[in-house]
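A.B. asks: Take this structure, written in structure tokens, and hold onto it; I'll ask about it next.
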Amino acid sequence: MMMSEESEPMRQVDLGSPLDPPESDPWFPGPPPPIYSCTLTPELVTKALEELQEKPEWRLRDVQALRDMVLKEQPNLRTRLDDAFLLRFLRARKFDYDRAMQLLLNYHSSRRVWPEVFQDLKPSTVKHVLDLGFLTVLPHPDPDGRYILCLRPGKWKANDYPFEDNIRAIYLTLEKLIQPEETQVNGIVILADYTGVGFSQASNPGPFLAKKVVSILQDSFPIRIKAVNIVNEPRIFKGIFAIIKPFLKEKMAERYILHGSDMLSLQRHIPQSVLPAEYGGAAGHLDLSAWSKILLDSEEEFVVEFCQPDPLEGVVLPDSMMFEGEQTARGGQDEDSFRGLRSQLYYCY
């Protein structure tokens, strides 16, 4: 969503498996077992082969190849090296070793450049975000097996708590969602309800924070976001999207679908059977408590993952690292862009 003692550089090789995994929720799988065993159905094995170039007979060989790359090129990197963890990165980059390695380095480097998000990152520190109803995960995946992350940014007000707390809650949710192999193959869908979003919420992140969020989700996290459905977006959303779009890859930008208040349009992309009543669905009312419980019950595994020393301490990153020098190189340009966009947002509002 991560230590022999003294004779060699500290590592977190063995942190990949929770000591005593909690019982899985009735609708969401528990953490992977200590020793990897493929849980994909025959249909998903075929899908992984066709979409991700994952060959079952070569799967563990590919994992070992990536593991060897880490040990050779970044021997000081404190990272998990278990099969289940490394598979996330291979699947997210269609088993291209070099791209999977870059994603793994990006994954760890994002923690260093945004300490406000990643320091002491565990569910208990975002309980106020969950209680507010800023996000949840719908209990039923769509017909393609994709879990649906429901975001409601209008629930947050700038004086409630720092914007970064929302990012912390999103990141923890993605870390939990990516654990099942099904998600690694199928990806996820985002449903963002912009009811109640006004000028203060729209202008708060700014281009610099927006770029960091997009960079983390797009280039630094091993998950496939297959669609972003926007509903109830106000006129001001054009200004919001103007902040985000320059940082989106073309393929990702094409996955944004704007529905306005037309729930029939939404239901052409997410069927009624899995949508809550708030969006014209037949799956009962939106339940915030179920996903909150899943996250909060996972406190121990997140402490093991994130409340550890800097994984990049002593690591020399390649010059191509996407965050390298970003703040100094882009800071002035972002501020100039932000002033213009604030004017645009104000005009739309």
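Residues in the structure tokens are numbered from 1 in each chain, the chains being A, B, ... in the order shown, and ligands are numbered from 1 in the order shown.
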Tell me which protein, DNA and RNA residues are within 10 Å of Leu86 (chain A), counting only C-alpha atoms, leaving out same-chain ones fewer than 3 positions away, and put them as a PyMOL selection string.
C.D. replies: chain A and resi 16+62-64+66-67+79-83+89-91+100-101+104+222
A.B. asks: Which residues come within 9 Å of region 283-287 of chain A, counting only C-alpha atoms, excluding same-chain residues fewer than 5 positions away, as JSON, numbers by chain?
C.D. replies: {"A": [136, 137, 138, 139, 140, 272, 273, 274, 275, 276, 277, 278]}
A.B. asks: What is the distance between CA of Gln184 (chain A) and CA of Cys150 (chain A), in Å to one decimal?
C.D. replies: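 Pair CA of Gln184 (chain A) / CA of Cys150 (chain A) returns 18.5 Å.
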A.B. asks: Check the DSSP output for the backbone and give back, as a ChimeraX atom specification, the residues of region 31-95 of chain A in alpha helix (DSSP H).
C.D. replies: /A:42-52,59-73,83-92
A.B. asks: So that each row is one residue of region 131-177 of chain A with an atom at most 12 Å from region 32-52 of chain A, can you give its shortest atom pair and the distance in Å to one decimal, using only C-alpha atoms, rows by chain and rising number, as CSV?
C.D. replies:
```
residue,atom,partner,partner_atom,distance
A:Asp144,CA,A:Leu44,CA,10.4
A:Gly145,CA,A:Leu44,CA,9.7
A:Lys176,CA,A:Pro32,CA,11.0
A:Leu177,CA,A:Pro32,CA,12.0
```
A.B. asks: If you keep all heavy atoms, can you produce a file of those selected residues as a short mmCIF file (atom, residue, chain, number, x, y, z; two decimals), in the first residue's frame?
C.D. replies:
```cif
data_model
loop_
_atom_site.label_atom_id
_atom_site.label_comp_id
_atom_site.auth_asym_id
_atom_site.auth_seq_id
_atom_site.Cartn_x
_atom_site.Cartn_y
_atom_site.Cartn_z
N ASP A 144 -17.06 -7.15 -13.32
CA ASP A 144 -15.69 -7.47 -13.70
C ASP A 144 -14.80 -7.78 -12.50
O ASP A 144 -13.57 -7.89 -12.63
CB ASP A 144 -15.07 -6.33 -14.51
CG ASP A 144 -15.75 -6.15 -15.86
OD1 ASP A 144 -16.01 -7.17 -16.53
OD2 ASP A 144 -16.03 -5.01 -16.25
N GLY A 145 -15.42 -7.91 -11.31
CA GLY A 145 -14.67 -8.28 -10.11
C GLY A 145 -13.87 -7.15 -9.51
O GLY A 145 -12.98 -7.38 -8.68
N LYS A 176 -4.97 -1.82 1.52
CA LYS A 176 -5.81 -2.97 1.90
C LYS A 176 -6.44 -3.61 0.66
O LYS A 176 -6.50 -4.84 0.54
CB LYS A 176 -6.90 -2.49 2.87
CG LYS A 176 -7.63 -3.63 3.57
CD LYS A 176 -6.69 -4.39 4.49
CE LYS A 176 -7.39 -5.57 5.15
NZ LYS A 176 -6.43 -6.40 5.91
N LEU A 177 -6.89 -2.78 -0.27
CA LEU A 177 -7.55 -3.30 -1.46
C LEU A 177 -6.60 -4.12 -2.32
O LEU A 177 -7.05 -5.07 -2.99
CB LEU A 177 -8.11 -2.14 -2.30
CG LEU A 177 -9.40 -1.49 -1.81
CD1 LEU A 177 -9.73 -0.27 -2.67
CD2 LEU A 177 -10.56 -2.48 -1.83
#
```
